[in-house]
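S.K.: Got a structure for you, data.txt, holding compact mmCIF, C-alpha atoms.
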# COMPACT_ATOMS: atom_id res chain seq x y z
CA MET A 1 -8.27 -9.30 -65.93
CA SER A 2 -7.24 -6.88 -63.19
CA TRP A 3 -7.01 -3.12 -63.66
CA ILE A 4 -3.27 -3.40 -63.51
CA GLU A 5 -3.24 -5.89 -66.39
CA LYS A 6 -5.63 -3.66 -68.34
CA LYS A 7 -3.31 -0.71 -67.88
CA LEU A 8 -0.37 -2.80 -68.94
CA GLU A 9 -2.13 -3.56 -72.24
CA THR A 10 -2.60 0.12 -73.14
CA GLY A 11 -0.07 1.97 -75.33
CA LYS A 12 1.31 4.34 -72.69
CA THR A 13 2.25 1.64 -70.26
CA PHE A 14 5.77 1.03 -71.38
CA GLU A 15 7.35 4.02 -69.64
CA ARG A 16 5.06 3.67 -66.58
CA GLN A 17 5.75 0.02 -65.94
CA PRO A 18 8.02 0.58 -62.93
CA ASP A 19 5.26 2.64 -61.18
CA LEU A 20 2.68 -0.01 -61.88
CA ARG A 21 4.95 -2.71 -60.57
CA ALA A 22 5.35 -0.70 -57.38
CA VAL A 23 1.59 -0.39 -57.06
CA GLU A 24 1.18 -4.08 -57.79
CA SER A 25 3.75 -5.08 -55.21
CA GLU A 26 2.13 -2.72 -52.71
CA ASP A 27 -1.23 -4.38 -53.33
CA VAL A 28 0.29 -7.80 -52.91
CA MET A 29 1.86 -6.67 -49.67
CA LEU A 30 -1.46 -5.21 -48.48
CA GLU A 31 -3.28 -8.40 -49.32
CA SER A 32 -0.65 -10.45 -47.57
CA ALA A 33 -0.73 -8.19 -44.51
CA LEU A 34 -4.51 -8.38 -44.31
CA LYS A 35 -4.40 -12.16 -44.62
CA ASP A 36 -1.79 -12.41 -41.85
CA PHE A 37 -3.88 -10.05 -39.72
CA ARG A 38 -6.99 -12.19 -40.23
CA ASP A 39 -5.12 -15.43 -39.52
CA SER A 40 -3.57 -13.89 -36.44
CA ILE A 41 -6.93 -12.85 -34.98
CA HIS A 42 -8.45 -16.24 -35.82
CA ALA A 43 -5.58 -18.01 -34.04
CA TRP A 44 -5.83 -15.71 -31.03
CA SER A 45 -9.59 -16.12 -30.82
CA ASP A 46 -9.45 -19.92 -31.19
CA SER A 47 -6.86 -20.09 -28.44
CA ALA A 48 -8.84 -17.77 -26.16
CA MET A 49 -12.06 -19.72 -26.64
CA GLY A 50 -10.50 -22.83 -25.14
CA ARG A 51 -8.67 -21.23 -22.23
CA PRO A 52 -9.89 -21.73 -18.67
CA ARG A 53 -11.24 -18.55 -17.15
CA THR A 54 -9.53 -17.17 -14.07
CA VAL A 55 -11.56 -14.63 -12.19
CA LYS A 56 -9.96 -14.89 -8.74
CA THR A 57 -8.31 -11.45 -8.78
CA GLU A 58 -11.39 -9.85 -10.19
CA ILE A 59 -13.57 -11.33 -7.42
CA ARG A 60 -11.16 -10.11 -4.74
CA ARG A 61 -11.11 -6.63 -6.23
CA ARG A 62 -14.86 -6.60 -6.46
CA SER A 63 -15.32 -7.93 -2.91
CA TRP A 64 -12.97 -5.25 -1.62
CA ARG A 65 -14.98 -2.63 -3.44
CA LEU A 66 -18.21 -4.15 -2.17
CA ALA A 67 -16.94 -4.05 1.42
CA ALA A 68 -15.79 -0.44 1.01
CA GLY A 69 -19.14 0.44 -0.50
CA TRP A 70 -21.00 -1.17 2.37
CA ALA A 71 -18.79 0.56 4.95
CA LEU A 72 -19.29 3.93 3.32
CA GLY A 73 -23.02 3.27 3.07
CA CYS A 74 -23.20 2.35 6.77
CA VAL A 75 -21.26 5.47 7.77
CA LEU A 76 -23.54 7.64 5.68
CA ALA A 77 -26.65 5.94 7.05
CA ALA A 78 -25.42 6.29 10.65
CA GLY A 79 -24.51 9.92 10.03
CA GLY A 80 -27.88 10.63 8.51
CA LEU A 81 -29.69 8.86 11.35
CA SER A 82 -27.76 10.61 14.12
CA GLY A 83 -28.16 13.94 12.34
CA GLY A 84 -31.89 13.34 12.12
CA LEU A 85 -32.11 12.38 15.77
CA PHE A 86 -30.09 15.43 16.82
CA GLU A 87 -32.29 17.67 14.70
CA GLN A 88 -35.44 16.14 16.17
CA HIS A 89 -34.12 16.51 19.73
CA HIS A 90 -33.09 20.09 19.02
CA ARG A 91 -36.54 20.90 17.68
CA GLN A 92 -38.26 19.28 20.68
CA GLU A 93 -36.06 21.29 23.04
CA LEU A 94 -36.87 24.50 21.22
CA GLN A 95 -40.58 23.68 21.30
CA ARG A 96 -40.35 22.96 25.03
CA ILE A 97 -38.59 26.29 25.71
CA VAL A 98 -41.09 28.19 23.59
CA ALA A 99 -44.00 26.45 25.36
CA ALA A 100 -42.52 27.23 28.76
CA GLN A 101 -42.00 30.87 27.82
CA LYS A 102 -45.55 31.07 26.51
CA ALA A 103 -46.94 29.44 29.67
CA ALA A 104 -44.97 31.88 31.81
CA ALA A 105 -46.23 34.83 29.77
CA ASP A 106 -49.80 33.52 30.02
CA GLN A 107 -49.46 33.04 33.74
CA LYS A 108 -48.07 36.52 34.13
CA GLU A 109 -50.91 38.01 32.13
CA LEU A 110 -53.43 36.03 34.17
CA ASP A 111 -51.89 37.27 37.39
CA GLU A 112 -52.00 40.82 36.12
CA GLN A 113 -55.62 40.37 35.11
CA ARG A 114 -56.43 38.99 38.53
CA GLU A 115 -54.58 41.87 40.18
CA ARG A 116 -56.44 44.36 38.07
CA ALA A 117 -59.73 42.62 38.82
CA LYS A 118 -58.95 42.61 42.56
CA VAL A 119 -58.14 46.32 42.54
CA SER A 120 -61.24 47.18 40.61
CA ASP A 121 -63.37 45.04 42.99
CA GLU A 122 -62.01 46.93 45.96
CA VAL A 123 -62.62 50.23 44.22
CA LEU A 124 -66.13 49.10 43.30
CA LEU A 125 -66.87 48.00 46.84
CA ALA A 126 -65.49 51.22 48.18
CA GLY A 127 -67.73 53.09 45.75
CA VAL A 128 -70.71 51.03 46.79
CA ASP A 129 -69.86 51.59 50.44
CA SER A 130 -69.60 55.29 49.92
CA ASP A 131 -72.78 55.33 47.89
CA VAL A 132 -74.88 53.37 50.38
CA SER A 133 -73.39 54.81 53.51
CA ARG A 134 -75.34 57.47 55.37
CA ASP A 135 -74.49 59.77 58.11
CA VAL A 136 -75.60 58.33 61.40
CA PRO A 137 -77.96 60.64 63.19
CA SER A 138 -76.34 62.10 66.25
CA ALA A 139 -78.99 60.51 68.38
CA MET A 140 -77.85 57.04 67.34
CA GLU A 141 -74.16 57.70 67.66
CA PRO A 142 -73.68 55.72 70.89
CA LEU A 143 -75.38 52.68 69.38
CA ALA A 144 -73.25 52.88 66.25
CA GLN A 145 -70.20 53.00 68.46
CA LEU A 146 -71.27 49.79 70.16
CA MET A 147 -71.74 47.90 66.85
CA VAL A 148 -68.29 48.79 65.68
CA ASP A 149 -66.76 47.78 68.98
CA ASP A 150 -68.21 44.23 69.34
CA GLY A 151 -68.40 43.53 65.57
CA THR A 152 -72.15 42.64 65.51
CA LYS A 153 -74.69 43.99 63.11
CA MET B 1 -63.17 -27.67 -24.11
CA ALA B 2 -60.73 -28.83 -21.42
CA ALA B 3 -59.12 -31.26 -23.86
CA GLY B 4 -58.65 -28.42 -26.34
CA THR B 5 -56.96 -26.25 -23.72
CA ALA B 6 -54.69 -29.13 -22.72
CA LEU B 7 -53.73 -29.72 -26.35
CA LYS B 8 -52.98 -26.01 -26.78
CA GLU B 9 -50.74 -26.11 -23.69
CA ILE B 10 -48.88 -29.14 -25.02
CA ASP B 11 -48.42 -27.39 -28.39
CA MET B 12 -47.04 -24.28 -26.69
CA ALA B 13 -44.65 -26.35 -24.58
CA THR B 14 -43.43 -28.14 -27.69
CA ALA B 15 -42.99 -24.83 -29.53
CA ASP B 16 -40.93 -23.49 -26.61
CA GLU B 17 -38.73 -26.57 -26.64
CA VAL B 18 -38.20 -26.25 -30.39
CA ALA B 19 -37.33 -22.56 -30.05
CA ALA B 20 -34.88 -23.33 -27.24
CA GLU B 21 -33.21 -26.04 -29.31
CA GLU B 22 -33.02 -23.74 -32.31
CA PHE B 23 -31.46 -21.01 -30.20
CA SER B 24 -28.90 -23.43 -28.76
CA ARG B 25 -27.84 -24.32 -32.30
CA VAL B 26 -27.52 -20.62 -33.18
CA VAL B 27 -25.33 -20.03 -30.11
CA GLU B 28 -23.14 -23.02 -30.91
CA ARG B 29 -22.73 -21.94 -34.52
CA HIS B 30 -22.17 -18.19 -34.15
CA ARG B 31 -20.51 -17.78 -30.76
CA PRO B 32 -16.95 -18.07 -32.10
CA GLN B 33 -17.55 -15.37 -34.71
CA ILE B 34 -19.19 -12.95 -32.29
CA PHE B 35 -16.44 -13.51 -29.74
CA ARG B 36 -13.75 -13.05 -32.40
CA PHE B 37 -15.28 -9.78 -33.60
CA LEU B 38 -15.53 -8.43 -30.05
CA LEU B 39 -12.01 -9.60 -29.24
CA SER B 40 -10.56 -7.85 -32.29
CA SER B 41 -12.56 -4.70 -31.50
CA THR B 42 -11.57 -4.48 -27.85
CA ARG B 43 -8.28 -6.47 -27.64
CA ASP B 44 -9.57 -7.45 -24.18
CA LEU B 45 -10.28 -11.13 -23.51
CA ASP B 46 -12.44 -10.65 -20.42
CA LEU B 47 -14.43 -7.83 -21.95
CA ALA B 48 -14.94 -9.78 -25.16
CA GLU B 49 -16.22 -12.78 -23.19
CA THR B 50 -18.52 -10.62 -21.08
CA LEU B 51 -19.94 -8.81 -24.10
CA THR B 52 -20.41 -12.13 -25.93
CA GLN B 53 -22.41 -13.46 -22.98
CA GLU B 54 -24.48 -10.28 -22.88
CA CYS B 55 -25.05 -10.48 -26.62
CA PHE B 56 -26.48 -13.99 -26.42
CA LEU B 57 -28.49 -13.15 -23.32
CA LYS B 58 -30.07 -10.24 -25.15
CA ALA B 59 -30.61 -12.39 -28.22
CA HIS B 60 -32.29 -15.05 -26.08
CA ARG B 61 -34.65 -12.50 -24.58
CA ASN B 62 -35.59 -11.19 -28.01
CA TRP B 63 -35.49 -14.51 -29.88
CA GLY B 64 -39.26 -14.47 -30.15
CA SER B 65 -39.23 -11.14 -31.99
CA PHE B 66 -36.57 -12.27 -34.51
CA ARG B 67 -38.46 -12.59 -37.80
CA GLY B 68 -35.64 -13.90 -39.92
CA GLU B 69 -35.62 -10.87 -42.23
CA SER B 70 -31.83 -10.90 -42.00
CA SER B 71 -29.60 -13.85 -41.18
CA ALA B 72 -29.18 -14.79 -37.53
CA MET B 73 -25.50 -13.90 -37.82
CA THR B 74 -26.27 -10.35 -39.03
CA TRP B 75 -28.84 -9.94 -36.27
CA LEU B 76 -26.40 -11.13 -33.62
CA MET B 77 -23.64 -8.95 -35.03
CA ARG B 78 -25.91 -5.94 -34.81
CA ILE B 79 -26.57 -6.68 -31.13
CA ALA B 80 -22.84 -7.12 -30.52
CA ILE B 81 -21.99 -3.81 -32.22
CA ASN B 82 -24.62 -1.98 -30.14
CA LEU B 83 -23.41 -3.57 -26.91
CA GLN B 84 -19.88 -2.53 -27.72
CA LYS B 85 -20.99 1.03 -28.43
CA ASP B 86 -22.95 1.15 -25.16
CA HIS B 87 -19.94 -0.15 -23.28
CA TRP B 88 -17.62 2.59 -24.56
CA ARG B 89 -20.29 5.24 -24.05
CA ASN B 90 -20.78 4.14 -20.44
CA ARG B 91 -17.03 4.18 -19.88
CA ARG B 92 -16.85 7.73 -21.15
CA MET B 93 -19.72 8.74 -18.86
CA GLN B 94 -18.10 7.10 -15.82
CA PHE B 95 -15.15 9.45 -15.97
CA TRP B 96 -14.59 9.26 -12.21
CA LYS B 97 -13.73 5.58 -12.43
CA THR B 98 -10.17 4.52 -13.01
CA THR B 99 -9.69 4.24 -16.74
CA ARG B 100 -7.82 0.98 -16.38
CA THR B 101 -8.23 -1.22 -19.39
CA ASN B 102 -7.31 -4.85 -19.89
CA SER B 103 -6.63 -4.40 -23.58
CA VAL B 104 -3.45 -6.19 -24.55
CA ASP B 105 -0.78 -4.11 -26.25
CA LEU B 106 -0.09 -4.36 -29.95
CA ASP B 107 3.04 -6.49 -29.50
CA GLU B 108 1.07 -9.11 -27.63
CA ALA B 109 -1.81 -8.98 -30.10
CA SER B 110 0.64 -9.47 -32.97
CA GLU B 111 2.18 -12.55 -31.36
CA TRP B 112 -0.58 -14.78 -32.62
CA LEU B 113 0.14 -16.39 -35.94
CA PRO B 114 -1.00 -19.79 -37.22
CA SER B 115 1.92 -22.20 -37.12
CA GLY B 116 2.50 -22.84 -40.82
CA GLU B 117 5.42 -24.28 -42.69
CA SER B 118 6.93 -20.81 -43.21
CA SER B 119 10.47 -20.06 -42.11
CA ALA B 120 11.40 -18.09 -39.01
CA GLU B 121 12.21 -15.09 -41.16
CA GLN B 122 8.82 -15.18 -42.84
CA GLN B 123 7.14 -15.53 -39.45
CA LEU B 124 9.01 -12.47 -38.23
CA LEU B 125 8.00 -10.47 -41.28
CA ALA B 126 4.40 -11.57 -40.94
CA ARG B 127 4.42 -10.57 -37.28
CA GLU B 128 5.77 -7.17 -38.17
CA ARG B 129 3.08 -6.70 -40.82
CA VAL B 130 0.34 -7.76 -38.40
CA LYS B 131 1.64 -5.25 -35.88
CA GLN B 132 1.50 -2.50 -38.48
CA VAL B 133 -2.10 -3.39 -39.33
CA TRP B 134 -2.98 -3.34 -35.62
CA GLN B 135 -1.32 0.05 -35.35
CA SER B 136 -3.44 1.48 -38.15
CA VAL B 137 -6.62 -0.20 -36.82
CA LYS B 138 -5.97 1.46 -33.47
CA GLY B 139 -5.98 4.86 -35.17
CA LEU B 140 -9.28 4.31 -36.97
CA SER B 141 -12.57 5.80 -35.83
CA GLU B 142 -15.00 3.42 -34.09
CA ARG B 143 -17.14 3.09 -37.21
CA GLN B 144 -14.23 2.63 -39.58
CA ARG B 145 -12.76 -0.01 -37.30
CA THR B 146 -16.04 -1.92 -37.11
CA VAL B 147 -16.47 -1.90 -40.88
CA PHE B 148 -12.83 -2.85 -41.47
CA LEU B 149 -12.92 -5.76 -39.02
CA LEU B 150 -16.21 -7.08 -40.38
CA ARG B 151 -14.82 -6.99 -43.93
CA TYR B 152 -11.28 -8.26 -43.46
CA VAL B 153 -11.52 -10.44 -40.36
CA GLU B 154 -15.07 -11.76 -40.58
CA GLU B 155 -15.04 -11.64 -44.39
CA GLN B 156 -18.58 -10.33 -44.60
CA GLU B 157 -20.17 -8.93 -47.74
CA LEU B 158 -20.76 -5.19 -47.98
CA SER B 159 -24.54 -5.72 -47.85
CA GLU B 160 -24.20 -7.77 -44.64
CA ILE B 161 -21.98 -5.10 -43.08
CA ALA B 162 -24.47 -2.42 -44.07
CA GLU B 163 -27.27 -4.39 -42.44
CA ALA B 164 -25.32 -5.12 -39.27
CA THR B 165 -24.12 -1.55 -38.78
CA GLY B 166 -27.31 0.15 -39.97
CA LEU B 167 -25.37 2.15 -42.57
CA SER B 168 -25.94 2.40 -46.30
CA GLU B 169 -23.68 0.40 -48.59
CA GLY B 170 -22.19 3.62 -49.94
CA THR B 171 -21.22 4.75 -46.44
CA VAL B 172 -19.75 1.34 -45.70
CA LYS B 173 -17.65 1.56 -48.87
CA ALA B 174 -16.46 5.05 -47.93
CA HIS B 175 -15.45 3.96 -44.41
CA LEU B 176 -13.75 0.87 -45.78
CA SER B 177 -11.85 2.84 -48.37
CA ARG B 178 -10.53 5.27 -45.73
CA ALA B 179 -9.58 2.43 -43.43
CA VAL B 180 -7.70 0.56 -46.17
CA ALA B 181 -5.96 3.77 -47.21
CA ARG B 182 -4.75 4.18 -43.65
CA VAL B 183 -3.51 0.58 -43.49
CA ARG B 184 -1.80 1.01 -46.84
CA LEU B 185 -0.12 4.18 -45.62
CA GLU B 186 1.08 2.47 -42.46
CA LEU B 187 2.47 -0.47 -44.40
CA GLY B 188 4.06 1.76 -47.02
CA GLY B 189 5.43 4.26 -44.54
CA ASN B 190 7.22 1.65 -42.51
CA ARG B 191 8.89 -0.17 -45.36
Please rewrite the model in this file as structure tokens.
M.R.:
Amino acid sequence: MSWIEKKLETGKTFERQPDLRAVESEDVMLESALKDFRDSIHAWSDSAMGRPRTVKTEIRRRSWRLAAGWALGCVLAAGGLSGGLFEQHHRQELQRIVAAQKAAADQKELDEQRERAKVSDEVLLAGVDSDVSRDVPSAMEPLAQLMVDDGTK
Amino acid sequence: MAAGTALKEIDMATADEVAAEEFSRVVERHRPQIFRFLLSSTRDLDLAETLTQECFLKAHRNWGSFRGESSAMTWLMRIAINLQKDHWRNRRMQFWKTTRTNSVDLDEASEWLPSGESSAEQQLLARERVKQVWQSVKGLSERQRTVFLLRYVEEQELSEIAEATGLSEGTVKAHLSRAVARVRLELGGNR
């Protein structure tokens, strides 16, 4: 016995019968709609299970995307590679310039050191000369004159 | 010793063959139901076929771990529901992709009716009712829709639905009640 039938058996049902009939008819309609819905999906599914699959368009779309992906990947790889090469070349050039500048600076410093050393040698020799030199006695002046003239000791 | 090892190998090979045969039978038996559920959930033939394939592939990989605590159908349905969830989640994450969907519209989905002895007028009415149900199913939440379809299309018991969805029976009842109320409203409102 359904709840609708139970309600119909109670005392207060007489005046509410039209409402209950509406509910009952609504339930029948709902049941019918759900059954149609189920049958519809079953029919659709059964039909779809037996259909041949066509994937031509999908493959073309995918292949186009694949090609575009590859092209983009190649462009990015080439860009990255050339960028890397440029960067490396740039760095090498900078290193070369810095090395050349450093070598020039070193050379300059060496030259200056040599110059300073040369000057100090001359000063030292002059000092030694002045220290070891003696006045020639006047008696030996003619002989000293001769040594200077012919360059012999 | 060597003979024992050889026998063990033969036993293992036989067990594998038996498992493979058993799995083939499961696929043959349950594929239509899984496909039907996914088709009704997505309204997309290609997607339903793809997800069905994925479902059975996943089931095949995990067939060894299936202990038979629930029925194979419930187990497979659980995999299918999870795959479907993952699919929609991934689609939401891939927001930069074109949101093109192959889902058929409600008119097309409502076209399918079993060819009975009913008159043309009855067929038309039935089609209209099916369209209204589709309309209300479209407006349901993902969980409500899953529960509704499992109950009224796959005709599963509440306990089976609870097991497949991982929800309690009370929650399943609540979702079902809301879904039916919505369908009822749609049918009543369009009378």
S.K.: When you draw a straight line from CA of Leu47 (chain B) to CA of His60 (chain B), how long is it in Å?
M.R.: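 According to the coordinates, CA of Leu47 (chain B) and CA of His60 (chain B) are separated by 19.7 Å.
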S.K.: Select from chain A every residue with an atom at most 9 Å from any atom of chain B, then for each give the shortest pair of atoms and their distance in Å to one decimal, using only C-alpha atoms, rows by chain and rising number, as JSON lines.
M.R.:
{"residue": "A:Glu26", "atom": "CA", "partner": "B:Gly188", "partner_atom": "CA", "distance": 7.5}
{"residue": "A:Asp27", "atom": "CA", "partner": "B:Arg184", "partner_atom": "CA", "distance": 8.5}
{"residue": "A:Met29", "atom": "CA", "partner": "B:Leu187", "partner_atom": "CA", "distance": 8.2}
{"residue": "A:Leu30", "atom": "CA", "partner": "B:Arg184", "partner_atom": "CA", "distance": 6.4}
{"residue": "A:Ser32", "atom": "CA", "partner": "B:Ala126", "partner_atom": "CA", "distance": 8.4}
{"residue": "A:Ala33", "atom": "CA", "partner": "B:Arg129", "partner_atom": "CA", "distance": 5.5}
{"residue": "A:Leu34", "atom": "CA", "partner": "B:Tyr152", "partner_atom": "CA", "distance": 6.8}
{"residue": "A:Lys35", "atom": "CA", "partner": "B:Tyr152", "partner_atom": "CA", "distance": 8.0}
{"residue": "A:Asp36", "atom": "CA", "partner": "B:Val130", "partner_atom": "CA", "distance": 6.2}
{"residue": "A:Phe37", "atom": "CA", "partner": "B:Val130", "partner_atom": "CA", "distance": 5.0}
{"residue": "A:Arg38", "atom": "CA", "partner": "B:Val153", "partner_atom": "CA", "distance": 4.9}
{"residue": "A:Asp39", "atom": "CA", "partner": "B:Pro114", "partner_atom": "CA", "distance": 6.4}
{"residue": "A:Ser40", "atom": "CA", "partner": "B:Leu113", "partner_atom": "CA", "distance": 4.5}
{"residue": "A:Ile41", "atom": "CA", "partner": "B:Ser40", "partner_atom": "CA", "distance": 6.7}
{"residue": "A:His42", "atom": "CA", "partner": "B:Arg36", "partner_atom": "CA", "distance": 7.1}
{"residue": "A:Ala43", "atom": "CA", "partner": "B:Pro114", "partner_atom": "CA", "distance": 5.9}
{"residue": "A:Trp44", "atom": "CA", "partner": "B:Trp112", "partner_atom": "CA", "distance": 5.6}
{"residue": "A:Ser45", "atom": "CA", "partner": "B:Arg36", "partner_atom": "CA", "distance": 5.4}
{"residue": "A:Asp46", "atom": "CA", "partner": "B:Pro32", "partner_atom": "CA", "distance": 7.8}
{"residue": "A:Ala48", "atom": "CA", "partner": "B:Leu45", "partner_atom": "CA", "distance": 7.3}
{"residue": "A:Met49", "atom": "CA", "partner": "B:Pro32", "partner_atom": "CA", "distance": 7.5}
{"residue": "A:Arg53", "atom": "CA", "partner": "B:Asp46", "partner_atom": "CA", "distance": 8.6}
S.K.: With C-alpha atoms kept, could you save the residues just selected as a tab-separated table (two decimals), in the coordinates of the input?
M.R.:
chain	number	residue	atom	x	y	z
A	26	GLU	CA	2.13	-2.72	-52.71
A	27	ASP	CA	-1.23	-4.38	-53.33
A	29	MET	CA	1.86	-6.67	-49.67
A	30	LEU	CA	-1.46	-5.21	-48.48
A	32	SER	CA	-0.65	-10.45	-47.57
A	33	ALA	CA	-0.73	-8.19	-44.51
A	34	LEU	CA	-4.51	-8.38	-44.31
A	35	LYS	CA	-4.40	-12.16	-44.62
A	36	ASP	CA	-1.79	-12.41	-41.85
A	37	PHE	CA	-3.88	-10.05	-39.72
A	38	ARG	CA	-6.99	-12.19	-40.23
A	39	ASP	CA	-5.12	-15.43	-39.52
A	40	SER	CA	-3.57	-13.89	-36.44
A	41	ILE	CA	-6.93	-12.85	-34.98
A	42	HIS	CA	-8.45	-16.24	-35.82
A	43	ALA	CA	-5.58	-18.01	-34.04
A	44	TRP	CA	-5.83	-15.71	-31.03
A	45	SER	CA	-9.59	-16.12	-30.82
A	46	ASP	CA	-9.45	-19.92	-31.19
A	48	ALA	CA	-8.84	-17.77	-26.16
A	49	MET	CA	-12.06	-19.72	-26.64
A	53	ARG	CA	-11.24	-18.55	-17.15
S.K.: May I have the residues at most 10 Å from (-25.2, -12.8, -24.7) in the file's coordinates, counting only C-alpha atoms, as a ChimeraX atom specification?
M.R.: /B:27,31,34,49-61,76,79-80,83
S.K.: I want to know what sits within 7 Å of region 168-170 of chain B, based on only C-alpha atoms, with residues of the same chain fewer than 5 positions away left out; could you give that as a list of chain:residue names?
M.R.: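 Result of the neighbour search: B:Leu158, B:Ser159, B:Ala162.
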S.K.: For the atom pair CA of Met73 (chain B) and CA of His30 (chain B), what is the interatomic distance in Å to one decimal place?
M.R.: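 Computed distance, CA of Met73 (chain B) to CA of His30 (chain B), equals 6.6 Å.
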S.K.: Between CA of Leu146 (chain A) and CA of Glu122 (chain A), what is the spacing in Å?
M.R.: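 That distance, rounded to one decimal, is 26.1 Å.
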S.K.: Once N, CA and C atoms are restored for region 30-43 of chain B, what would the output be as a PDB file, keeping the file's coordinate frame?
M.R.:
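Result file follows (out_20.pdb):
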ATOM      1  N   HIS B  30     -22.649 -19.563 -33.937  1.00  0.00           N
ATOM      2  CA  HIS B  30     -22.170 -18.190 -34.150  1.00  0.00           C
ATOM      3  C   HIS B  30     -21.338 -17.621 -33.015  1.00  0.00           C
ATOM      4  N   ARG B  31     -21.261 -18.321 -31.893  1.00  0.00           N
ATOM      5  CA  ARG B  31     -20.510 -17.780 -30.760  1.00  0.00           C
ATOM      6  C   ARG B  31     -19.056 -17.467 -31.109  1.00  0.00           C
ATOM      7  N   PRO B  32     -18.353 -18.384 -31.781  1.00  0.00           N
ATOM      8  CA  PRO B  32     -16.950 -18.070 -32.100  1.00  0.00           C
ATOM      9  C   PRO B  32     -16.774 -16.790 -32.915  1.00  0.00           C
ATOM     10  N   GLN B  33     -17.681 -16.561 -33.861  1.00  0.00           N
ATOM     11  CA  GLN B  33     -17.550 -15.370 -34.710  1.00  0.00           C
ATOM     12  C   GLN B  33     -17.808 -14.083 -33.919  1.00  0.00           C
ATOM     13  N   ILE B  34     -18.861 -14.143 -33.100  1.00  0.00           N
ATOM     14  CA  ILE B  34     -19.190 -12.950 -32.290  1.00  0.00           C
ATOM     15  C   ILE B  34     -18.047 -12.637 -31.339  1.00  0.00           C
ATOM     16  N   PHE B  35     -17.548 -13.688 -30.693  1.00  0.00           N
ATOM     17  CA  PHE B  35     -16.440 -13.510 -29.740  1.00  0.00           C
ATOM     18  C   PHE B  35     -15.209 -12.945 -30.463  1.00  0.00           C
ATOM     19  N   ARG B  36     -14.935 -13.493 -31.644  1.00  0.00           N
ATOM     20  CA  ARG B  36     -13.750 -13.050 -32.400  1.00  0.00           C
ATOM     21  C   ARG B  36     -13.881 -11.568 -32.789  1.00  0.00           C
ATOM     22  N   PHE B  37     -15.075 -11.183 -33.218  1.00  0.00           N
ATOM     23  CA  PHE B  37     -15.280  -9.780 -33.600  1.00  0.00           C
ATOM     24  C   PHE B  37     -15.070  -8.867 -32.379  1.00  0.00           C
ATOM     25  N   LEU B  38     -15.648  -9.266 -31.245  1.00  0.00           N
ATOM     26  CA  LEU B  38     -15.530  -8.430 -30.050  1.00  0.00           C
ATOM     27  C   LEU B  38     -14.085  -8.406 -29.528  1.00  0.00           C
ATOM     28  N   LEU B  39     -13.415  -9.533 -29.666  1.00  0.00           N
ATOM     29  CA  LEU B  39     -12.010  -9.600 -29.240  1.00  0.00           C
ATOM     30  C   LEU B  39     -11.158  -8.666 -30.109  1.00  0.00           C
ATOM     31  N   SER B  40     -11.362  -8.705 -31.408  1.00  0.00           N
ATOM     32  CA  SER B  40     -10.560  -7.850 -32.290  1.00  0.00           C
ATOM     33  C   SER B  40     -10.923  -6.374 -32.098  1.00  0.00           C
ATOM     34  N   SER B  41     -12.159  -6.101 -31.719  1.00  0.00           N
ATOM     35  CA  SER B  41     -12.560  -4.700 -31.500  1.00  0.00           C
ATOM     36  C   SER B  41     -11.994  -4.147 -30.200  1.00  0.00           C
ATOM     37  N   THR B  42     -11.945  -4.994 -29.173  1.00  0.00           N
ATOM     38  CA  THR B  42     -11.570  -4.480 -27.850  1.00  0.00           C
ATOM     39  C   THR B  42     -10.129  -4.846 -27.447  1.00  0.00           C
ATOM     40  N   ARG B  43      -9.587  -5.900 -28.015  1.00  0.00           N
ATOM     41  CA  ARG B  43      -8.280  -6.470 -27.640  1.00  0.00           C
ATOM     42  C   ARG B  43      -8.262  -6.816 -26.136  1.00  0.00           C
TER      43      ARG B  43
END
